[in-house]
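**Q** One file: entry_6.cif (mmCIF, C-alpha atoms).
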data_my_file
loop_
_atom_site.label_atom_id
_atom_site.label_comp_id
_atom_site.auth_asym_id
_atom_site.auth_seq_id
_atom_site.Cartn_x
_atom_site.Cartn_y
_atom_site.Cartn_z
CA MET A 18 -11.36 20.48 12.92
CA GLU A 19 -13.24 17.67 14.64
CA ARG A 20 -15.21 14.91 12.98
CA ASN A 21 -18.56 16.18 14.28
CA GLN A 22 -18.20 19.44 12.35
CA MET A 23 -19.98 19.95 9.04
CA ILE A 24 -17.38 20.97 6.46
CA ARG A 25 -17.55 22.05 2.86
CA ILE A 26 -14.51 21.85 0.60
CA TYR A 27 -15.14 24.10 -2.39
CA ASN A 28 -13.49 25.75 -5.39
CA GLY A 29 -11.60 22.63 -6.45
CA GLU A 30 -11.71 20.18 -9.37
CA ILE A 31 -13.34 17.01 -8.04
CA ILE A 32 -11.73 13.75 -9.14
CA THR A 33 -14.03 10.73 -9.23
CA PRO A 34 -12.83 7.25 -10.19
CA ASP A 35 -13.51 7.84 -13.89
CA GLN A 36 -13.56 11.58 -14.52
CA ASN A 37 -12.76 15.07 -13.42
CA LEU A 38 -16.10 16.69 -12.51
CA GLY A 39 -14.63 20.17 -12.75
CA ILE A 40 -14.94 22.85 -10.08
CA GLY A 41 -17.27 21.70 -7.35
CA THR A 42 -18.11 21.37 -3.67
CA VAL A 43 -17.85 18.38 -1.33
CA VAL A 44 -19.84 18.47 1.91
CA ILE A 45 -18.85 16.38 4.95
CA ASP A 46 -20.97 15.65 7.99
CA GLY A 47 -20.00 13.34 10.84
CA GLY A 48 -17.05 11.88 8.94
CA THR A 49 -19.16 10.97 5.90
CA ILE A 50 -19.57 12.62 2.50
CA VAL A 51 -23.13 13.94 2.31
CA GLY A 52 -22.91 16.11 -0.80
CA VAL A 53 -20.98 16.28 -4.07
CA GLU A 54 -22.08 19.20 -6.22
CA LYS A 55 -20.80 21.03 -9.27
CA GLY A 56 -19.96 24.67 -8.70
CA ASN A 57 -19.26 26.52 -5.47
CA VAL A 58 -22.33 25.67 -3.42
CA GLU A 59 -23.05 27.58 -0.21
CA VAL A 60 -23.81 25.50 2.90
CA PRO A 61 -24.94 27.71 5.78
CA GLY A 62 -23.37 27.14 9.19
CA CYS A 63 -20.54 24.85 8.10
CA LEU A 64 -16.78 25.28 8.17
CA SER A 65 -15.46 26.14 4.69
CA VAL A 66 -12.15 25.08 3.15
CA ASP A 67 -11.15 26.82 -0.09
CA ALA A 68 -9.30 24.41 -2.40
CA GLU A 69 -8.09 27.44 -4.38
CA GLY A 70 -8.57 25.78 -7.75
CA ALA A 71 -6.59 22.65 -6.83
CA TYR A 72 -7.81 19.06 -7.09
CA ILE A 73 -10.20 17.50 -4.55
CA SER A 74 -9.42 13.80 -4.55
CA PRO A 75 -10.19 10.64 -2.63
CA GLY A 76 -7.48 9.99 -0.06
CA PHE A 77 -4.67 7.64 -0.96
CA ILE A 78 -4.76 4.04 0.34
CA ASP A 79 -1.39 2.37 0.88
CA ILE A 80 -1.80 -1.38 1.35
CA HIS A 81 1.95 -2.04 1.78
CA THR A 82 4.13 0.16 3.97
CA HIS A 83 6.70 -0.65 6.64
CA GLY A 84 7.39 2.82 7.95
CA ALA A 85 8.18 6.51 7.45
CA GLY A 86 9.56 9.49 9.36
CA ASP A 87 12.49 7.45 10.75
CA ALA A 88 10.10 4.94 12.32
CA ASP A 89 9.31 1.33 11.41
CA PHE A 90 6.37 -0.75 12.56
CA MET A 91 8.86 -3.40 13.68
CA ASP A 92 10.25 -0.92 16.23
CA CYS A 93 7.25 -2.18 18.21
CA THR A 94 6.45 1.09 19.96
CA GLU A 95 3.27 3.12 20.03
CA GLU A 96 5.17 6.28 19.12
CA ALA A 97 6.66 4.63 16.02
CA CYS A 98 3.19 3.66 14.82
CA LEU A 99 1.83 7.14 15.40
CA CYS A 100 4.84 8.77 13.74
CA ILE A 101 4.29 6.65 10.62
CA ALA A 102 0.59 7.54 10.53
CA ARG A 103 1.33 11.25 10.85
CA THR A 104 4.11 11.21 8.26
CA HIS A 105 2.13 9.41 5.58
CA ALA A 106 -0.87 11.70 6.13
CA ARG A 107 1.32 14.66 5.14
CA TYR A 108 1.75 13.03 1.76
CA GLY A 109 -1.91 12.25 1.13
CA THR A 110 -2.37 8.78 2.62
CA THR A 111 -5.63 8.50 4.55
CA LEU A 112 -5.60 4.72 5.10
CA LEU A 113 -2.62 2.39 5.39
CA TYR A 114 -1.97 -1.24 6.19
CA PRO A 115 1.01 -1.68 8.55
CA THR A 116 3.38 -4.24 7.07
CA THR A 117 5.86 -6.49 8.86
CA LEU A 118 9.15 -8.09 7.80
CA ALA A 119 10.36 -11.65 8.18
CA SER A 120 11.30 -11.89 11.85
CA GLU A 121 11.27 -14.03 14.95
CA ASN A 122 7.76 -14.74 16.22
CA GLU A 123 8.57 -13.10 19.53
CA GLU A 124 9.08 -9.79 17.71
CA LEU A 125 5.95 -10.32 15.64
CA PHE A 126 3.83 -11.00 18.72
CA ARG A 127 5.19 -7.88 20.37
CA PHE A 128 4.06 -5.85 17.39
CA PHE A 129 0.60 -7.45 17.55
CA ASP A 130 0.25 -6.19 21.13
CA ILE A 131 1.36 -2.67 20.18
CA TYR A 132 -0.94 -2.57 17.17
CA ASN A 133 -3.90 -3.59 19.29
CA ARG A 134 -3.32 -0.51 21.43
CA VAL A 135 -2.98 1.98 18.56
CA LYS A 136 -5.18 0.58 15.79
CA ASP A 137 -7.93 3.14 16.41
CA GLN A 138 -5.56 6.14 16.57
CA GLN A 139 -6.73 9.40 15.00
CA GLU A 140 -3.46 11.29 14.65
CA GLY A 141 -2.82 10.64 10.97
CA ALA A 142 -3.62 8.08 8.30
CA ALA A 143 -5.97 5.46 9.69
CA PHE A 144 -4.92 1.82 10.04
CA GLY A 145 -6.84 -0.74 8.00
CA GLY A 146 -5.40 -3.99 9.37
CA LEU A 147 -2.12 -5.85 9.15
CA HIS A 148 -0.20 -7.06 6.14
CA LEU A 149 2.31 -9.77 7.06
CA GLU A 150 5.19 -10.00 4.61
CA GLY A 151 7.03 -13.24 5.23
CA PRO A 152 8.68 -15.24 6.63
CA TYR A 153 7.59 -17.85 4.05
CA PHE A 154 9.74 -16.77 1.10
CA SER A 155 12.07 -18.23 -1.50
CA TYR A 156 15.68 -17.86 -0.43
CA ALA A 157 16.72 -17.13 -4.03
CA PHE A 158 14.30 -14.21 -4.27
CA ARG A 159 14.57 -12.95 -0.69
CA GLY A 160 15.60 -9.40 -1.68
CA ALA A 161 16.41 -7.43 1.48
CA GLN A 162 14.54 -9.86 3.76
CA ASP A 163 16.91 -11.23 6.40
CA PRO A 164 17.70 -14.80 5.28
CA LYS A 165 18.06 -16.15 8.81
CA PHE A 166 14.30 -15.76 9.33
CA LEU A 167 13.13 -17.47 6.11
CA ARG A 168 11.36 -20.82 6.41
CA ASN A 169 8.53 -22.95 5.04
CA PRO A 170 4.99 -22.63 6.41
CA GLU A 171 4.25 -25.19 9.11
CA PRO A 172 0.74 -25.50 10.59
CA GLN A 173 1.98 -25.55 14.17
CA GLU A 174 3.62 -22.15 13.65
CA TYR A 175 1.14 -20.30 11.46
CA MET A 176 -1.89 -21.46 13.41
CA GLU A 177 -0.35 -19.96 16.55
CA ILE A 178 0.24 -16.68 14.72
CA LEU A 179 -3.32 -16.62 13.39
CA GLU A 180 -4.75 -17.34 16.82
CA ARG A 181 -2.69 -14.52 18.36
CA CYS A 182 -4.05 -11.78 16.09
CA SER A 183 -7.45 -11.10 14.55
CA ASP A 184 -6.27 -7.98 12.68
CA ILE A 185 -4.38 -9.72 9.84
CA THR A 186 -5.96 -8.81 6.50
CA ARG A 187 -3.30 -10.02 4.02
CA TRP A 188 -0.27 -12.30 4.09
CA SER A 189 2.45 -12.29 1.40
CA LEU A 190 4.29 -15.57 0.75
CA ALA A 191 5.90 -17.73 -1.93
CA PRO A 192 3.23 -20.18 -3.10
CA GLU A 193 5.68 -22.81 -4.38
CA LEU A 194 7.04 -23.60 -0.91
CA PRO A 195 6.08 -26.93 0.70
CA GLY A 196 2.90 -26.40 2.70
CA ALA A 197 2.11 -23.00 1.15
CA LEU A 198 -1.12 -24.00 -0.59
CA ALA A 199 -2.61 -25.61 2.53
CA PHE A 200 -1.64 -22.42 4.38
CA ALA A 201 -3.41 -20.31 1.73
CA ASP A 202 -6.54 -22.43 2.17
CA GLU A 203 -6.47 -21.62 5.89
CA LEU A 204 -6.01 -17.92 5.20
CA CYS A 205 -8.95 -17.83 2.80
CA LYS A 206 -11.13 -19.68 5.32
CA ARG A 207 -10.40 -16.86 7.78
CA GLY A 208 -11.04 -14.06 5.26
CA ILE A 209 -7.33 -13.20 4.99
CA LYS A 210 -6.03 -12.50 1.47
CA PRO A 211 -2.97 -14.53 0.39
CA SER A 212 -0.58 -12.62 -1.87
CA ILE A 213 2.31 -13.88 -4.02
CA ALA A 214 5.72 -12.48 -3.07
CA HIS A 215 9.48 -13.19 -3.02
CA THR A 216 8.87 -16.19 -5.21
CA ASP A 217 10.65 -18.58 -7.57
CA ALA A 218 7.29 -19.78 -8.92
CA ILE A 219 6.74 -20.32 -12.62
CA TYR A 220 3.47 -19.85 -14.49
CA GLU A 221 2.16 -23.32 -13.68
CA ASP A 222 2.81 -22.73 -9.96
CA ILE A 223 0.87 -19.47 -10.12
CA LEU A 224 -2.06 -21.20 -11.79
CA GLU A 225 -2.17 -23.70 -8.93
CA ALA A 226 -1.84 -20.89 -6.40
CA HIS A 227 -4.78 -19.14 -8.03
CA ARG A 228 -6.90 -22.23 -7.40
CA HIS A 229 -6.06 -21.83 -3.71
CA GLY A 230 -7.18 -18.20 -3.48
CA PHE A 231 -4.18 -16.09 -4.47
CA ARG A 232 -5.43 -12.96 -6.26
CA HIS A 233 -2.62 -10.47 -5.50
CA ILE A 234 1.03 -10.21 -6.51
CA THR A 235 3.09 -8.18 -4.05
CA HIS A 236 5.48 -5.51 -5.45
CA PHE A 237 5.20 -6.75 -9.03
CA TYR A 238 8.54 -7.05 -10.90
CA SER A 239 10.49 -7.10 -7.60
CA CYS A 240 11.76 -10.40 -6.17
CA MET A 241 10.14 -12.71 -8.72
CA ASN A 242 11.12 -14.31 -11.99
CA GLY A 243 10.07 -13.70 -15.55
CA ILE A 244 10.76 -16.12 -18.40
CA THR A 245 13.17 -18.73 -17.06
CA ARG A 246 14.84 -21.97 -18.17
CA ARG A 247 14.83 -25.23 -16.27
CA ASN A 248 16.53 -28.34 -17.66
CA ALA A 249 16.92 -26.54 -21.00
CA PHE A 250 13.18 -25.86 -21.31
CA ARG A 251 11.81 -22.34 -21.23
CA TYR A 252 8.96 -21.44 -18.84
CA ALA A 253 6.83 -18.38 -18.29
CA GLY A 254 7.37 -16.93 -14.84
CA CYS A 255 5.43 -15.04 -12.22
CA ILE A 256 5.58 -11.81 -14.22
CA GLU A 257 3.98 -13.38 -17.27
CA ALA A 258 1.35 -15.02 -15.06
CA GLY A 259 0.48 -11.62 -13.60
CA TYR A 260 -0.12 -10.29 -17.08
CA LEU A 261 -2.07 -13.28 -18.38
CA MET A 262 -4.44 -13.80 -15.44
CA ASP A 263 -7.23 -11.26 -15.82
CA ASP A 264 -8.39 -11.32 -12.19
CA MET A 265 -4.90 -11.02 -10.66
CA TYR A 266 -4.22 -7.66 -8.99
CA LEU A 267 -0.70 -6.25 -9.13
CA GLU A 268 1.09 -4.00 -6.65
CA ILE A 269 3.48 -1.50 -8.24
CA ILE A 270 6.17 0.51 -6.42
CA ALA A 271 5.94 3.41 -8.87
CA ASP A 272 8.92 5.32 -7.49
CA GLY A 273 10.56 5.28 -10.93
CA ILE A 274 13.39 3.14 -9.54
CA HIS A 275 11.93 -0.18 -8.44
CA VAL A 276 9.68 0.13 -11.50
CA PRO A 277 11.13 2.51 -14.11
CA LYS A 278 9.14 4.44 -16.69
CA PRO A 279 8.98 1.79 -19.48
CA LEU A 280 7.74 -0.87 -17.08
CA MET A 281 5.16 1.49 -15.55
CA GLN A 282 3.89 2.13 -19.08
CA LEU A 283 3.89 -1.55 -19.99
CA VAL A 284 1.99 -2.74 -16.94
CA THR A 285 -0.67 -0.02 -17.22
CA ARG A 286 -1.13 -0.74 -20.92
CA ILE A 287 -1.69 -4.45 -20.29
CA LYS A 288 -3.55 -4.50 -16.95
CA GLY A 289 -5.20 -1.07 -16.68
CA ALA A 290 -5.91 1.03 -13.62
CA ASP A 291 -8.61 -1.32 -12.32
CA LYS A 292 -6.06 -4.09 -11.59
CA ILE A 293 -3.06 -2.07 -10.38
CA ALA A 294 -2.50 -0.74 -6.87
CA LEU A 295 0.31 1.73 -6.27
CA VAL A 296 2.16 0.98 -3.03
CA THR A 297 5.04 2.72 -1.31
CA ASP A 298 6.53 -0.41 0.31
CA SER A 299 8.31 2.31 2.26
CA MET A 300 10.77 1.75 5.07
CA ARG A 301 11.64 4.27 7.81
CA GLY A 302 13.49 6.50 5.34
CA ALA A 303 10.29 7.78 3.69
CA GLY A 304 10.01 11.50 4.34
CA MET A 305 13.61 11.62 5.61
CA PRO A 306 16.85 13.05 4.15
CA GLU A 307 19.41 10.82 2.45
CA GLY A 308 22.10 9.05 4.47
CA LYS A 309 22.41 5.98 6.68
CA SER A 310 19.27 4.27 7.91
CA ILE A 311 17.99 0.95 9.27
CA LEU A 312 15.80 -1.57 7.46
CA GLY A 313 13.52 -3.21 10.00
CA SER A 314 13.57 -2.59 13.72
CA LEU A 315 16.13 -0.34 15.38
CA SER A 316 17.28 -3.20 17.59
CA ARG A 317 17.46 -6.02 15.04
CA GLY A 318 17.40 -4.37 11.62
CA GLN A 319 20.03 -4.10 8.92
CA GLU A 320 22.01 -0.96 8.16
CA VAL A 321 21.22 0.52 4.75
CA ILE A 322 21.99 3.65 2.75
CA ILE A 323 19.42 6.06 1.35
CA GLU A 324 20.57 7.72 -1.85
CA ASP A 325 19.24 8.41 -5.35
CA GLY A 326 15.68 8.31 -3.98
CA VAL A 327 15.84 4.70 -2.77
CA ALA A 328 17.26 2.60 0.08
CA LYS A 329 20.20 0.34 -0.84
CA MET A 330 22.11 -2.43 0.86
CA PRO A 331 25.56 -1.25 2.05
CA ASP A 332 27.33 -2.88 -0.93
CA ARG A 333 24.95 -1.00 -3.24
CA GLN A 334 24.26 -4.22 -5.17
CA SER A 335 20.54 -4.33 -4.38
CA PHE A 336 17.72 -2.16 -3.17
CA ALA A 337 16.72 -2.30 0.49
CA GLY A 338 13.26 -0.85 0.25
CA SER A 339 11.48 2.20 -1.00
CA VAL A 340 11.50 5.66 0.54
CA ALA A 341 8.54 6.77 -1.58
CA THR A 342 5.43 8.48 -0.33
CA ALA A 343 2.02 8.16 -1.97
CA ASP A 344 2.11 11.57 -3.65
CA ARG A 345 5.34 10.61 -5.43
CA LEU A 346 3.75 7.45 -6.82
CA VAL A 347 0.74 9.30 -8.22
CA ARG A 348 2.96 12.08 -9.58
CA ASN A 349 5.17 9.54 -11.37
CA MET A 350 2.25 7.68 -12.90
CA TYR A 351 0.80 10.99 -14.11
CA GLN A 352 3.87 12.99 -15.12
CA VAL A 353 6.43 10.27 -15.93
CA ALA A 354 4.39 7.31 -17.17
CA GLY A 355 1.87 9.62 -18.86
CA GLN A 356 -1.27 8.10 -17.36
CA PRO A 357 -4.46 10.19 -16.98
CA LEU A 358 -4.61 11.82 -13.57
CA THR A 359 -7.91 10.07 -12.84
CA ASP A 360 -6.24 6.68 -13.46
CA ALA A 361 -3.20 7.58 -11.37
CA VAL A 362 -5.51 8.52 -8.49
CA LYS A 363 -7.63 5.39 -8.94
CA MET A 364 -4.54 3.19 -8.62
CA MET A 365 -3.87 4.82 -5.23
CA SER A 366 -7.48 4.86 -3.98
CA LEU A 367 -10.33 2.81 -5.46
CA THR A 368 -8.26 -0.09 -6.79
CA PRO A 369 -6.50 -0.83 -3.47
CA ALA A 370 -9.86 -0.39 -1.73
CA THR A 371 -11.33 -2.99 -4.08
CA MET A 372 -8.40 -5.34 -3.48
CA MET A 373 -9.05 -5.18 0.25
CA GLY A 374 -12.84 -5.48 -0.05
CA ILE A 375 -13.67 -2.01 1.31
CA GLU A 376 -14.73 -0.37 -1.96
CA GLY A 377 -18.25 0.10 -0.60
CA HIS A 378 -17.13 2.96 1.66
CA LYS A 379 -13.53 3.84 0.73
CA GLY A 380 -11.73 5.03 -2.38
CA LYS A 381 -14.30 7.41 -3.91
CA ILE A 382 -15.66 10.87 -3.52
CA ALA A 383 -19.33 9.93 -3.45
CA VAL A 384 -22.30 10.44 -1.15
CA GLY A 385 -22.28 7.92 1.70
CA TYR A 386 -18.53 7.26 1.53
CA ASP A 387 -16.08 7.93 4.32
CA ALA A 388 -14.77 11.48 4.15
CA ASP A 389 -11.18 10.47 3.37
CA ILE A 390 -10.32 13.41 1.14
CA ILE A 391 -7.18 15.20 0.04
CA VAL A 392 -6.50 18.42 -1.84
CA PHE A 393 -3.44 18.64 -4.07
CA ASP A 394 -2.05 20.99 -6.71
CA GLU A 395 -1.10 20.35 -10.35
CA ASN A 396 2.17 18.72 -9.25
CA VAL A 397 0.42 16.48 -6.69
CA ASN A 398 1.77 18.45 -3.76
CA ILE A 399 -0.59 17.84 -0.84
CA LYS A 400 -2.34 20.91 0.58
CA HIS A 401 -4.93 19.29 2.90
CA THR A 402 -5.62 15.78 4.22
CA PHE A 403 -8.92 14.76 5.85
CA VAL A 404 -9.37 11.35 7.48
CA LYS A 405 -13.06 10.62 8.03
CA GLY A 406 -13.68 14.35 8.08
CA LYS A 407 -10.88 15.19 10.52
CA LYS A 408 -8.12 17.40 9.17
CA THR A 409 -4.82 15.65 9.85
CA PHE A 410 -2.68 17.84 7.58
#
Give the structure from the file, written as structure tokens.
**A**
Amino acid sequence: MERNQMIRIYNGEIITPDQNLGIGTVVIDGGTIVGVEKGNVEVPGCLSVDAEGAYISPGFIDIHTHGAGDADFMDCTEEACLCIARTHARYGTTLLYPTTLASENEELFRFFDIYNRVKDQQEGAAFGGLHLEGPYFSYAFRGAQDPKFLRNPEPQEYMEILERCSDITRWSLAPELPGALAFADELCKRGIKPSIAHTDAIYEDILEAHRHGFRHITHFYSCMNGITRRNAFRYAGCIEAGYLMDDMYLEIIADGIHVPKPLMQLVTRIKGADKIALVTDSMRGAGMPEGKSILGSLSRGQEVIIEDGVAKMPDRQSFAGSVATADRLVRNMYQVAGQPLTDAVKMMSLTPATMMGIEGHKGKIAVGYDADIIVFDENVNIKHTFVKGKKTF
């Protein structure tokens, strides 16, 4: 199927951001949705896809992923990027934001060059722009980030990075570091979204960060503090700030491990689907069998173990990244956390689109929107994936 074909997807329950429309028909022309109708509507001369009573849903948008299919973006090869796009498309992702790790700038610049060559690829999930994760993180909350690459933001360094790449859309960092707020001001000036991550910040630090443009918290609950004590006094932490600040968006790795069932239920009860984005934060092990793997690039990464549905450091004392795919996140929110299916889908489509400022053409099944559409069954097993009207799975 090519993008210039008119296609109708029929005989499926259409999920919109707020409701299930029931059995209906979606019509695609030139990569755009041109019709959303109740019932099985005939469209002469078009290619028909029978959803067979399954759900017709907006495609999933993953704003934080490092890899899949035994490939990582930090491998810095075109084939790795394409492999990741193809793998995630099989699990319902139609748009993803390639995410880096803390690294040497030489490696980062090499990835920029590769990304520039593949950013318009059409083999799987589309690329929406780059998410840089690090290297400006708290050492105490580094998680699986390689400590030898961690440092404070310095204008001489980050200005060079910003000048080397115009595809950066978001940058995750610890806002309490010296120089971090001036850096956030520069990001906002360039239309890049600063996001709080791997941080030892307390509530008061987050309030100040908010004044400098931070509106996202990266992988909420992971690598950040909650209520803490300093000099005998008790302080609210980053987690409490995320709950209290109404306009703060939260990323959730809803694999049931990084964020177990009670915490999935708590965060959705407090924040609601409009302020939560499900993210895989997946490393190369997503879509792969359990066993040994590498976190980061093949040449410079760290050896890890995939077991129990998650990647772990070799000593098994901490996680080393997620191996989740988007369908698993939605399934968990729906079947484990007990959220309405429409909300689970929204957290993987319209909410991340809104976070990234693309909600005017992504994240909905509506006339005039990009034809990023998936079909899945009652267990959120993906049957079809369309990226701007092109069938990629």
**Q** When distances are computed from all atoms listed in the file, which of A:Ala361, A:Ile50, A:Met265, A:Val347 shows the smallest separation from A:Tyr108?
**A**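 Selected residue with least distance to A:Tyr108: A:Val347.
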**Q** Which protein, DNA or RNA residues are at most 7 Å from (-1.7, -9.3, 7.9) in the file's coordinates when you count all atoms listed in the file, listed as a compact mmCIF listing (two decimals) with C-alpha atoms, in the coordinates of the input?
**A**
# COMPACT_ATOMS: atom_id res chain seq x y z
CA GLY A 146 -5.40 -3.99 9.37
CA LEU A 147 -2.12 -5.85 9.15
CA HIS A 148 -0.20 -7.06 6.14
CA LEU A 149 2.31 -9.77 7.06
CA ASP A 184 -6.27 -7.98 12.68
CA ILE A 185 -4.38 -9.72 9.84
CA THR A 186 -5.96 -8.81 6.50
CA ARG A 187 -3.30 -10.02 4.02
CA TRP A 188 -0.27 -12.30 4.09
**Q** Using all atoms listed in the file, pick whichever of A:Val53, A:Met350, A:Ala328, A:Val362 has the shortest atom-to-atom distance to A:Ile311.
**A**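 For A:Ile311, the nearest of the given residues is A:Ala328.
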**Q** Please provide the set of residues having any atom within 10 Å of A:Leu315, restricted to only C-alpha atoms, with same-chain residues fewer than 2 positions apart removed, written as a PDB file with C-alpha atoms, in the frame of the given file.
**A**
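Dumped to result04.pdb:
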ATOM      1  CA  ASP A  87      12.490   7.450  10.750  1.00  0.00           C
ATOM      2  CA  ALA A  88      10.100   4.940  12.320  1.00  0.00           C
ATOM      3  CA  ASP A  89       9.310   1.330  11.410  1.00  0.00           C
ATOM      4  CA  MET A  91       8.860  -3.400  13.680  1.00  0.00           C
ATOM      5  CA  ASP A  92      10.250  -0.920  16.230  1.00  0.00           C
ATOM      6  CA  CYS A  93       7.250  -2.180  18.210  1.00  0.00           C
ATOM      7  CA  ARG A 301      11.640   4.270   7.810  1.00  0.00           C
ATOM      8  CA  SER A 310      19.270   4.270   7.910  1.00  0.00           C
ATOM      9  CA  ILE A 311      17.990   0.950   9.270  1.00  0.00           C
ATOM     10  CA  LEU A 312      15.800  -1.570   7.460  1.00  0.00           C
ATOM     11  CA  GLY A 313      13.520  -3.210  10.000  1.00  0.00           C
ATOM     12  CA  ARG A 317      17.460  -6.020  15.040  1.00  0.00           C
ATOM     13  CA  GLY A 318      17.400  -4.370  11.620  1.00  0.00           C
ATOM     14  CA  GLN A 319      20.030  -4.100   8.920  1.00  0.00           C
ATOM     15  CA  GLU A 320      22.010  -0.960   8.160  1.00  0.00           C
TER      16      GLU A 320
END
**Q** To one decimal place, how far is atom CA of A:Leu224 from atom CA of A:Thr368 in Å?
**A**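 Distance between the two atoms: 22.6 Å.
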**Q** If you measure from atom CA of A:Glu30 to atom CA of A:Ile73, what distance in Å do you get, rounded to one decimal?
**A**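 Spanning atom CA of A:Glu30 to atom CA of A:Ile73 is a straight-line distance of 5.7 Å.
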**Q** Step by step, work through what the PyMOL selection byres ((chain A and resi 28) around 9) selects in the shown file, and finish by giving those residues as a PDB file with C-alpha atoms, keeping the file's coordinate frame.
**A**
ATOM      1  CA  ILE A  26     -14.510  21.850   0.600  1.00  0.00           C
ATOM      2  CA  TYR A  27     -15.140  24.100  -2.390  1.00  0.00           C
ATOM      3  CA  GLY A  29     -11.600  22.630  -6.450  1.00  0.00           C
ATOM      4  CA  GLU A  30     -11.710  20.180  -9.370  1.00  0.00           C
ATOM      5  CA  ILE A  40     -14.940  22.850 -10.080  1.00  0.00           C
ATOM      6  CA  GLY A  41     -17.270  21.700  -7.350  1.00  0.00           C
ATOM      7  CA  THR A  42     -18.110  21.370  -3.670  1.00  0.00           C
ATOM      8  CA  GLY A  56     -19.960  24.670  -8.700  1.00  0.00           C
ATOM      9  CA  ASN A  57     -19.260  26.520  -5.470  1.00  0.00           C
ATOM     10  CA  VAL A  66     -12.150  25.080   3.150  1.00  0.00           C
ATOM     11  CA  ASP A  67     -11.150  26.820  -0.090  1.00  0.00           C
ATOM     12  CA  ALA A  68      -9.300  24.410  -2.400  1.00  0.00           C
ATOM     13  CA  GLU A  69      -8.090  27.440  -4.380  1.00  0.00           C
ATOM     14  CA  GLY A  70      -8.570  25.780  -7.750  1.00  0.00           C
ATOM     15  CA  ALA A  71      -6.590  22.650  -6.830  1.00  0.00           C
ATOM     16  CA  TYR A  72      -7.810  19.060  -7.090  1.00  0.00           C
ATOM     17  CA  ILE A  73     -10.200  17.500  -4.550  1.00  0.00           C
TER      18      ILE A  73
END
**Q** So that I can see what lies close to A:Cys240, please list as a ChimeraX atom specification the residues with an atom at most 7 Å from it, counting only C-alpha atoms and leaving out residues fewer than 5 positions away in the same chain.
**A** /A:158-160,215-216
**Q** Could you list, as a ChimeraX atom specification, every residue matched by the PyMOL selection byres ((chain A and resi 307) around 6) in this structure?
**A** /A:306,308,323-324
**Q** Stretch 59-63 of chain A, all listed atoms, 5 Å padding on each side: what axis-aligned box centre and edge lengths in Å to one decimal come out, as JSON?
**A**
{"center_x": -22.7, "center_y": 26.3, "center_z": 4.5, "size_x": 14.4, "size_y": 12.9, "size_z": 19.4}
**Q** Given the file shown, determine the residues that the PyMOL selection byres ((chain A and resi 78) around 12) selects; report them as a PyMOL selection string.
**A** chain A and resi 74-77+79-82+105-106+108-115+142-145+294-297+342-344+346-347+362-373+375-376+379-381+389-391+404
**Q** Could you write out that same residue set with C-alpha atoms as a CSV table (one decimal), in the frame of the given file?
**A**
chain,number,residue,atom,x,y,z
A,74,SER,CA,-9.4,13.8,-4.6
A,75,PRO,CA,-10.2,10.6,-2.6
A,76,GLY,CA,-7.5,10.0,-0.1
A,77,PHE,CA,-4.7,7.6,-1.0
A,79,ASP,CA,-1.4,2.4,0.9
A,80,ILE,CA,-1.8,-1.4,1.4
A,81,HIS,CA,2.0,-2.0,1.8
A,82,THR,CA,4.1,0.2,4.0
A,105,HIS,CA,2.1,9.4,5.6
A,106,ALA,CA,-0.9,11.7,6.1
A,108,TYR,CA,1.8,13.0,1.8
A,109,GLY,CA,-1.9,12.2,1.1
A,110,THR,CA,-2.4,8.8,2.6
A,111,THR,CA,-5.6,8.5,4.6
A,112,LEU,CA,-5.6,4.7,5.1
A,113,LEU,CA,-2.6,2.4,5.4
A,114,TYR,CA,-2.0,-1.2,6.2
A,115,PRO,CA,1.0,-1.7,8.6
A,142,ALA,CA,-3.6,8.1,8.3
A,143,ALA,CA,-6.0,5.5,9.7
A,144,PHE,CA,-4.9,1.8,10.0
A,145,GLY,CA,-6.8,-0.7,8.0
A,294,ALA,CA,-2.5,-0.7,-6.9
A,295,LEU,CA,0.3,1.7,-6.3
A,296,VAL,CA,2.2,1.0,-3.0
A,297,THR,CA,5.0,2.7,-1.3
A,342,THR,CA,5.4,8.5,-0.3
A,343,ALA,CA,2.0,8.2,-2.0
A,344,ASP,CA,2.1,11.6,-3.6
A,346,LEU,CA,3.8,7.4,-6.8
A,347,VAL,CA,0.7,9.3,-8.2
A,362,VAL,CA,-5.5,8.5,-8.5
A,363,LYS,CA,-7.6,5.4,-8.9
A,364,MET,CA,-4.5,3.2,-8.6
A,365,MET,CA,-3.9,4.8,-5.2
A,366,SER,CA,-7.5,4.9,-4.0
A,367,LEU,CA,-10.3,2.8,-5.5
A,368,THR,CA,-8.3,-0.1,-6.8
A,369,PRO,CA,-6.5,-0.8,-3.5
A,370,ALA,CA,-9.9,-0.4,-1.7
A,371,THR,CA,-11.3,-3.0,-4.1
A,372,MET,CA,-8.4,-5.3,-3.5
A,373,MET,CA,-9.0,-5.2,0.2
A,375,ILE,CA,-13.7,-2.0,1.3
A,376,GLU,CA,-14.7,-0.4,-2.0
A,379,LYS,CA,-13.5,3.8,0.7
A,380,GLY,CA,-11.7,5.0,-2.4
A,381,LYS,CA,-14.3,7.4,-3.9
A,389,ASP,CA,-11.2,10.5,3.4
A,390,ILE,CA,-10.3,13.4,1.1
A,391,ILE,CA,-7.2,15.2,0.0
A,404,VAL,CA,-9.4,11.4,7.5
**Q** Would you mind telling me which residue in A:Gly326, A:Pro152, A:Gly141, A:Gly385 lies nearest to A:Thr49 when using only C-alpha atoms?
**A**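 When distances to A:Thr49 are compared using only C-alpha atoms, the smallest one comes from A:Gly385.
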**Q** To one decimal place, how far is atom CA of A:Lys136 from atom CA of A:Tyr386 in Å?
**A**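 About the pair atom CA of A:Lys136 and atom CA of A:Tyr386: they are 20.6 Å apart.
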